[in-house]
Amino acid sequence: MKSLVNALNSNRFVLLLVLLLFLLIVPLIMKASWVSLVNEMLIMALAGCALNLMLGYTGMVSFGPAGLYAVGAYTTAILLTRYRFPFAIAMISAPILAGIIGGLVGWFCVRRSAVYFALLTLAFAQIIWTILFEWYGFTGGDNGIVSIPIPEFFFTISHCYYLTLIIVGISLLLLWTIVQSPFGKTLQAIRENPGRTEFIAIHLKRYQLAAFVLSSAFLGIAGSLFCVFSGSVFPDYAHWVKSTDMLVICLLGGFYNFGGPIVGSVVYILLSKMISKQTMFWMFFLGVIIVFLVLFMRNGIVGFLSEKLAPVLDKTSGSGPDEGTR
Amino acid sequence: MNLVTFEAIAGQTLSGISVGMVLFLIAAGLSIIFGTLKVLNLAHGSIYMLGGFLCYGFTSTFASVPGVFWWTLLAAPMIVGLVGGLIEIFLLRRIYAQEMLYQYILTFGLILIIGETCKFIWGVGYHTVGAPWPFNGKVSLWGLSFPVYNLFLIGCGFAVFIGLVALMRYTGLGRIIRAVTYHREMANALGINVPKVYTGVFMLGCWLGGLAGTLMPPMSVVALGSDMAVIIECFIIVVIGGLGSLPGAFIGAIILGLLTAFGIYIIPKLAVAFAFMLMIVILIIRPWGLMGKPE
């Protein structure tokens, strides 16, 4: 609560308010294509932040976030298409199922650390991908599921946009509360020094599993939103290339800031649209950007800015001296 | 009926092992690099693909040169190895001190760069390379016709495996590499030029990847996207066998090759999932792999 009061007094709050106002009027001032672009950014921002709960805050490198993202997307798609569930229930089921599957997968994964953890998450995500790809009777196989019966109300891009904005907003607020809570601080302690955290009687695996499940549930929300936004789902949502997209979004913005993945998602999607308009080899430039970031800007854009702008901005606006220093 | 089954089994076994041998070459490179440098090189599949494209590029450009494939087999892996050396010196060397995450992302960036470069030079189409002269026929085994080239691949795999084990176990260079792998600081203190060894090992790993890439085209096709497919298979292999273990990579490659060959034959849909499940089981009950040592 104290952090919220602090935040209220700072420049950061004003910035946030301006951003929110801007997001609210986006459909009024922009063309439909830009609205859907912003919509996509919001969804990827949520996915990135959900992944970052594990990655940046707990220090668990996951290669498989896309698997759980796809679980969310397919849950909504299948409940709507096959079982004609009400829209709201289909959407709420996505994070629940993603959380359950995240719990199952995570239960195995947290038994291992570092590279083995990463490879386990990768293997599970690839299994999810194989199931989605091969189970023609249920998931539509490699054709995916198209023309999902979304309520007609959300066919209008601005309506869909507001739905996304509200859900992403609430989810990000929840994530922010989580990382600021004692639970969130414990996760950061695990990242900084697992050994010492264990010495102060914290059950590492239980906390890591909790982070895994929470992250999965929010990834499920992001997947479900993308399903509503695009009206179709494909097995590629679960492919590990999609996972690395999310990792790159986190890197681009910065791992050790809450807002990192949000900035990362905006920049990533803008860049991909802009460069791919100019050249068919845009992935090459993405690769160069990634290599550049890893070599010279390891804290991402937000980390870089907060390092350079820290003396200029109000000192109280930083959410802690430890966050930009790594 | 019995005979048919036997033929089928023999055929699947041979093709499974020949694919497994190519995968072994790639996985061995990945494994050596991980063992010594502690870097999980995601771009290793791209290194393999680069070898494949160089093979196509050389054999199609100098098609009139007699025995062009064999010259390519000599040159292409070396070029790939040199590319690997450049990557190690200019990029990887700068992030050893950082967290593992950055290695993953950096090598992922390399996947994109190498993939797009190949696309830029050789285009998006499929390319084929004919099997080279003494091995371009078919041979009849147990009444079953089988490409000689596949047998050649199996021979190559065994030869490289024996060569690598001998290199690691019986030569001075192998001793140095093992010393650096075992204890980097101590090796450094004893006067071994560790950065040089790192570069050398990375080049050796890339050379192996390039060798596999050059050997593969006559049996399969050269195409974009093979980098992503192969790297996942290599992960499975090195996990089954044990990260950093050469015999492990060898056994893992044979297991995966056979699993895929028979899996496709029996239940095509779940062949891939089986491999991943095996990987998960191994990671959970024996994370150091079949042939590795617990840390």
# chains A, B, ... in the order shown; residues from 1 in each chain; ligands from 1

$ interface_residues --of "chain B" --to "chain A" --cutoff "9 Å" --atoms "only C-alpha atoms" --output "ChimeraX atom specification"
/B:40,91,94-95,100-103,105-117,119-120,228,232,235-236,239,269-270,272-274,276-277,279-280,283-284,287

$ write_last_selection --atoms "C-alpha atoms" --output "PDB file, in the first residue's frame"
ATOM      1  CA  LEU B  40      23.861 -23.924 -24.827  1.00  0.00           C
ATOM      2  CA  LEU B  91      30.170 -12.193 -29.556  1.00  0.00           C
ATOM      3  CA  ARG B  94      31.832 -10.990 -24.125  1.00  0.00           C
ATOM      4  CA  ILE B  95      29.001 -12.634 -22.214  1.00  0.00           C
ATOM      5  CA  MET B 100      22.745 -17.927 -18.929  1.00  0.00           C
ATOM      6  CA  LEU B 101      19.672 -16.140 -20.185  1.00  0.00           C
ATOM      7  CA  TYR B 102      21.793 -13.785 -22.269  1.00  0.00           C
ATOM      8  CA  GLN B 103      23.537 -16.683 -23.987  1.00  0.00           C
ATOM      9  CA  ILE B 105      18.982 -14.827 -26.392  1.00  0.00           C
ATOM     10  CA  LEU B 106      22.240 -13.962 -28.119  1.00  0.00           C
ATOM     11  CA  THR B 107      22.377 -17.331 -29.836  1.00  0.00           C
ATOM     12  CA  PHE B 108      18.718 -16.939 -30.761  1.00  0.00           C
ATOM     13  CA  GLY B 109      19.652 -13.653 -32.426  1.00  0.00           C
ATOM     14  CA  LEU B 110      22.297 -15.589 -34.350  1.00  0.00           C
ATOM     15  CA  ILE B 111      19.633 -18.045 -35.550  1.00  0.00           C
ATOM     16  CA  LEU B 112      17.782 -15.146 -37.120  1.00  0.00           C
ATOM     17  CA  ILE B 113      20.903 -13.582 -38.624  1.00  0.00           C
ATOM     18  CA  ILE B 114      22.261 -16.819 -40.111  1.00  0.00           C
ATOM     19  CA  GLY B 115      18.817 -17.935 -41.315  1.00  0.00           C
ATOM     20  CA  GLU B 116      18.112 -14.643 -43.065  1.00  0.00           C
ATOM     21  CA  THR B 117      21.583 -14.549 -44.581  1.00  0.00           C
ATOM     22  CA  LYS B 119      17.625 -16.855 -47.344  1.00  0.00           C
ATOM     23  CA  PHE B 120      19.234 -13.770 -48.883  1.00  0.00           C
ATOM     24  CA  MET B 228      14.852 -25.028 -35.996  1.00  0.00           C
ATOM     25  CA  ILE B 232      15.205 -29.378 -31.068  1.00  0.00           C
ATOM     26  CA  PHE B 235      18.429 -31.014 -27.459  1.00  0.00           C
ATOM     27  CA  ILE B 236      16.615 -34.302 -27.103  1.00  0.00           C
ATOM     28  CA  VAL B 239      19.572 -34.623 -22.788  1.00  0.00           C
ATOM     29  CA  LYS B 269       1.239 -39.023 -35.081  1.00  0.00           C
ATOM     30  CA  LEU B 270       2.925 -39.414 -31.761  1.00  0.00           C
ATOM     31  CA  VAL B 272       7.642 -36.608 -31.981  1.00  0.00           C
ATOM     32  CA  ALA B 273       5.796 -36.591 -28.689  1.00  0.00           C
ATOM     33  CA  PHE B 274       7.504 -39.849 -27.693  1.00  0.00           C
ATOM     34  CA  PHE B 276       9.902 -35.343 -25.892  1.00  0.00           C
ATOM     35  CA  MET B 277       8.415 -37.624 -23.277  1.00  0.00           C
ATOM     36  CA  MET B 279      13.474 -36.305 -22.728  1.00  0.00           C
ATOM     37  CA  ILE B 280      11.195 -35.277 -19.858  1.00  0.00           C
ATOM     38  CA  LEU B 283      15.385 -34.875 -17.136  1.00  0.00           C
ATOM     39  CA  ILE B 284      13.291 -35.764 -14.116  1.00  0.00           C
ATOM     40  CA  PRO B 287      19.078 -35.155 -15.382  1.00  0.00           C
TER      41      PRO B 287
END

$ select_by_dssp --residues "segment 77-256 of chain B" --states "alpha helix (DSSP H)" --output "ChimeraX atom specification"
/B:77-90,100-122,148-170,172-182,184-189,194-215,226-241,246-256

$ residues_around --residues "Trp207 of chain B" --least-positions-apart "2" --cutoff "12 Å" --atoms "only C-alpha atoms" --output "PDB file with N, CA and C atoms, in the first residue's frame"
ATOM      1  N   LEU B  25      26.538 -36.120 -35.276  1.00  0.00           N
ATOM      2  CA  LEU B  25      27.592 -35.147 -35.565  1.00  0.00           C
ATOM      3  C   LEU B  25      27.208 -33.767 -35.029  1.00  0.00           C
ATOM      4  N   ILE B  26      25.935 -33.389 -35.255  1.00  0.00           N
ATOM      5  CA  ILE B  26      25.496 -32.068 -34.788  1.00  0.00           C
ATOM      6  C   ILE B  26      25.472 -32.044 -33.265  1.00  0.00           C
ATOM      7  N   ALA B  27      24.844 -33.100 -32.693  1.00  0.00           N
ATOM      8  CA  ALA B  27      24.698 -33.121 -31.245  1.00  0.00           C
ATOM      9  C   ALA B  27      26.056 -33.190 -30.558  1.00  0.00           C
ATOM     10  N   ALA B  28      27.024 -33.878 -31.183  1.00  0.00           N
ATOM     11  CA  ALA B  28      28.355 -33.948 -30.586  1.00  0.00           C
ATOM     12  C   ALA B  28      28.945 -32.548 -30.484  1.00  0.00           C
ATOM     13  N   GLY B  29      28.783 -31.751 -31.549  1.00  0.00           N
ATOM     14  CA  GLY B  29      29.277 -30.373 -31.514  1.00  0.00           C
ATOM     15  C   GLY B  29      28.616 -29.582 -30.399  1.00  0.00           C
ATOM     16  N   LEU B  30      27.294 -29.699 -30.331  1.00  0.00           N
ATOM     17  CA  LEU B  30      26.536 -28.989 -29.294  1.00  0.00           C
ATOM     18  C   LEU B  30      27.014 -29.404 -27.913  1.00  0.00           C
ATOM     19  N   ILE B  32      29.937 -30.903 -26.996  1.00  0.00           N
ATOM     20  CA  ILE B  32      31.306 -30.477 -26.681  1.00  0.00           C
ATOM     21  C   ILE B  32      31.320 -29.017 -26.253  1.00  0.00           C
ATOM     22  N   ILE B  33      30.582 -28.198 -27.007  1.00  0.00           N
ATOM     23  CA  ILE B  33      30.550 -26.771 -26.691  1.00  0.00           C
ATOM     24  C   ILE B  33      29.938 -26.554 -25.316  1.00  0.00           C
ATOM     25  N   HIS B  44      23.186 -23.687 -33.046  1.00  0.00           N
ATOM     26  CA  HIS B  44      23.920 -24.814 -33.619  1.00  0.00           C
ATOM     27  C   HIS B  44      23.189 -25.411 -34.823  1.00  0.00           C
ATOM     28  N   ILE B  47      24.113 -23.394 -37.721  1.00  0.00           N
ATOM     29  CA  ILE B  47      25.457 -23.736 -38.186  1.00  0.00           C
ATOM     30  C   ILE B  47      25.371 -24.940 -39.135  1.00  0.00           C
ATOM     31  N   TYR B  48      24.559 -25.912 -38.726  1.00  0.00           N
ATOM     32  CA  TYR B  48      24.325 -27.096 -39.560  1.00  0.00           C
ATOM     33  C   TYR B  48      23.711 -26.700 -40.898  1.00  0.00           C
ATOM     34  N   LEU B  50      23.826 -23.836 -42.390  1.00  0.00           N
ATOM     35  CA  LEU B  50      24.812 -23.106 -43.186  1.00  0.00           C
ATOM     36  C   LEU B  50      25.696 -24.096 -43.941  1.00  0.00           C
ATOM     37  N   GLY B  51      26.102 -25.171 -43.257  1.00  0.00           N
ATOM     38  CA  GLY B  51      26.886 -26.211 -43.922  1.00  0.00           C
ATOM     39  C   GLY B  51      26.136 -26.792 -45.108  1.00  0.00           C
ATOM     40  N   LEU B  73      33.232 -31.291 -49.172  1.00  0.00           N
ATOM     41  CA  LEU B  73      33.246 -31.916 -47.853  1.00  0.00           C
ATOM     42  C   LEU B  73      34.465 -31.465 -47.056  1.00  0.00           C
ATOM     43  N   LEU B  74      35.537 -31.146 -47.769  1.00  0.00           N
ATOM     44  CA  LEU B  74      36.741 -30.652 -47.113  1.00  0.00           C
ATOM     45  C   LEU B  74      36.587 -29.180 -46.730  1.00  0.00           C
ATOM     46  N   ALA B  75      36.053 -28.391 -47.669  1.00  0.00           N
ATOM     47  CA  ALA B  75      36.069 -26.932 -47.490  1.00  0.00           C
ATOM     48  C   ALA B  75      34.921 -26.421 -46.630  1.00  0.00           C
ATOM     49  N   ALA B  76      33.697 -26.893 -46.913  1.00  0.00           N
ATOM     50  CA  ALA B  76      32.531 -26.293 -46.265  1.00  0.00           C
ATOM     51  C   ALA B  76      32.587 -26.366 -44.736  1.00  0.00           C
ATOM     52  N   PRO B  77      32.883 -27.547 -44.148  1.00  0.00           N
ATOM     53  CA  PRO B  77      32.944 -27.564 -42.689  1.00  0.00           C
ATOM     54  C   PRO B  77      33.991 -26.610 -42.125  1.00  0.00           C
ATOM     55  N   MET B  78      35.115 -26.453 -42.875  1.00  0.00           N
ATOM     56  CA  MET B  78      36.149 -25.538 -42.392  1.00  0.00           C
ATOM     57  C   MET B  78      35.639 -24.106 -42.384  1.00  0.00           C
ATOM     58  N   ILE B  79      34.938 -23.734 -43.456  1.00  0.00           N
ATOM     59  CA  ILE B  79      34.392 -22.376 -43.506  1.00  0.00           C
ATOM     60  C   ILE B  79      33.422 -22.166 -42.350  1.00  0.00           C
ATOM     61  N   VAL B  80      32.558 -23.166 -42.140  1.00  0.00           N
ATOM     62  CA  VAL B  80      31.601 -23.065 -41.032  1.00  0.00           C
ATOM     63  C   VAL B  80      32.348 -22.952 -39.706  1.00  0.00           C
ATOM     64  N   GLY B  81      33.413 -23.728 -39.560  1.00  0.00           N
ATOM     65  CA  GLY B  81      34.222 -23.652 -38.343  1.00  0.00           C
ATOM     66  C   GLY B  81      34.802 -22.258 -38.142  1.00  0.00           C
ATOM     67  N   LEU B  82      35.268 -21.641 -39.251  1.00  0.00           N
ATOM     68  CA  LEU B  82      35.823 -20.291 -39.148  1.00  0.00           C
ATOM     69  C   LEU B  82      34.744 -19.291 -38.741  1.00  0.00           C
ATOM     70  N   VAL B  83      33.550 -19.451 -39.328  1.00  0.00           N
ATOM     71  CA  VAL B  83      32.432 -18.583 -38.924  1.00  0.00           C
ATOM     72  C   VAL B  83      32.195 -18.729 -37.427  1.00  0.00           C
ATOM     73  N   GLY B  84      32.232 -19.994 -36.974  1.00  0.00           N
ATOM     74  CA  GLY B  84      32.065 -20.249 -35.545  1.00  0.00           C
ATOM     75  C   GLY B  84      33.131 -19.540 -34.725  1.00  0.00           C
ATOM     76  N   GLY B  85      34.381 -19.580 -35.213  1.00  0.00           N
ATOM     77  CA  GLY B  85      35.460 -18.891 -34.504  1.00  0.00           C
ATOM     78  C   GLY B  85      35.176 -17.408 -34.366  1.00  0.00           C
ATOM     79  N   VAL B 160      33.873 -40.619 -37.026  1.00  0.00           N
ATOM     80  CA  VAL B 160      34.019 -39.366 -36.290  1.00  0.00           C
ATOM     81  C   VAL B 160      33.922 -39.618 -34.793  1.00  0.00           C
ATOM     82  N   THR B 199      37.904 -20.863 -27.931  1.00  0.00           N
ATOM     83  CA  THR B 199      37.711 -20.609 -29.362  1.00  0.00           C
ATOM     84  C   THR B 199      37.879 -21.894 -30.153  1.00  0.00           C
ATOM     85  N   GLY B 200      38.929 -22.650 -29.807  1.00  0.00           N
ATOM     86  CA  GLY B 200      39.195 -23.889 -30.524  1.00  0.00           C
ATOM     87  C   GLY B 200      38.044 -24.874 -30.400  1.00  0.00           C
ATOM     88  N   VAL B 201      37.539 -25.029 -29.171  1.00  0.00           N
ATOM     89  CA  VAL B 201      36.460 -25.993 -28.958  1.00  0.00           C
ATOM     90  C   VAL B 201      35.196 -25.532 -29.696  1.00  0.00           C
ATOM     91  N   PHE B 202      34.939 -24.236 -29.655  1.00  0.00           N
ATOM     92  CA  PHE B 202      33.746 -23.750 -30.354  1.00  0.00           C
ATOM     93  C   PHE B 202      33.887 -23.996 -31.857  1.00  0.00           C
ATOM     94  N   MET B 203      35.101 -23.770 -32.378  1.00  0.00           N
ATOM     95  CA  MET B 203      35.313 -24.016 -33.808  1.00  0.00           C
ATOM     96  C   MET B 203      35.155 -25.499 -34.133  1.00  0.00           C
ATOM     97  N   LEU B 204      35.672 -26.344 -33.241  1.00  0.00           N
ATOM     98  CA  LEU B 204      35.540 -27.794 -33.463  1.00  0.00           C
ATOM     99  C   LEU B 204      34.052 -28.176 -33.488  1.00  0.00           C
ATOM    100  N   GLY B 205      33.300 -27.644 -32.519  1.00  0.00           N
ATOM    101  CA  GLY B 205      31.869 -27.939 -32.481  1.00  0.00           C
ATOM    102  C   GLY B 205      31.172 -27.481 -33.746  1.00  0.00           C
ATOM    103  N   GLY B 209      29.193 -29.479 -36.798  1.00  0.00           N
ATOM    104  CA  GLY B 209      27.875 -29.086 -37.320  1.00  0.00           C
ATOM    105  C   GLY B 209      27.933 -28.892 -38.829  1.00  0.00           C
ATOM    106  N   GLY B 210      28.986 -28.221 -39.295  1.00  0.00           N
ATOM    107  CA  GLY B 210      29.141 -27.983 -40.728  1.00  0.00           C
ATOM    108  C   GLY B 210      29.333 -29.285 -41.486  1.00  0.00           C
ATOM    109  N   LEU B 211      30.075 -30.217 -40.883  1.00  0.00           N
ATOM    110  CA  LEU B 211      30.294 -31.528 -41.509  1.00  0.00           C
ATOM    111  C   LEU B 211      28.948 -32.237 -41.695  1.00  0.00           C
ATOM    112  N   ALA B 212      28.140 -32.215 -40.630  1.00  0.00           N
ATOM    113  CA  ALA B 212      26.820 -32.837 -40.732  1.00  0.00           C
ATOM    114  C   ALA B 212      26.001 -32.155 -41.819  1.00  0.00           C
ATOM    115  N   GLY B 213      26.072 -30.810 -41.848  1.00  0.00           N
ATOM    116  CA  GLY B 213      25.321 -30.076 -42.853  1.00  0.00           C
ATOM    117  C   GLY B 213      25.752 -30.425 -44.261  1.00  0.00           C
ATOM    118  N   THR B 214      27.048 -30.660 -44.457  1.00  0.00           N
ATOM    119  CA  THR B 214      27.545 -31.000 -45.787  1.00  0.00           C
ATOM    120  C   THR B 214      27.188 -32.420 -46.173  1.00  0.00           C
TER     121      THR B 214
END

$ closest_residue --among "B:Phe152, B:Ile192, B:Ala249, B:Ala223" --to "Val165 of chain B" --atoms "only C-alpha atoms"
B:Ala249

$ atom_distance --atom1 "atom CA of Phe135 of chain B" --atom2 "atom CA of Ser15 of chain B"
15.5 Å

$ select_by_dssp --residues "segment 31-270 of chain B" --states "strand (DSSP E)" --output "number ranges by chain"
B: 138-141, 144-147

$ residues_around --residues "Gly72 of chain A" --least-positions-apart "6" --cutoff "9 Å" --atoms "only C-alpha atoms" --output "number ranges by chain"
A: 91, 93-98, 216-225, 227
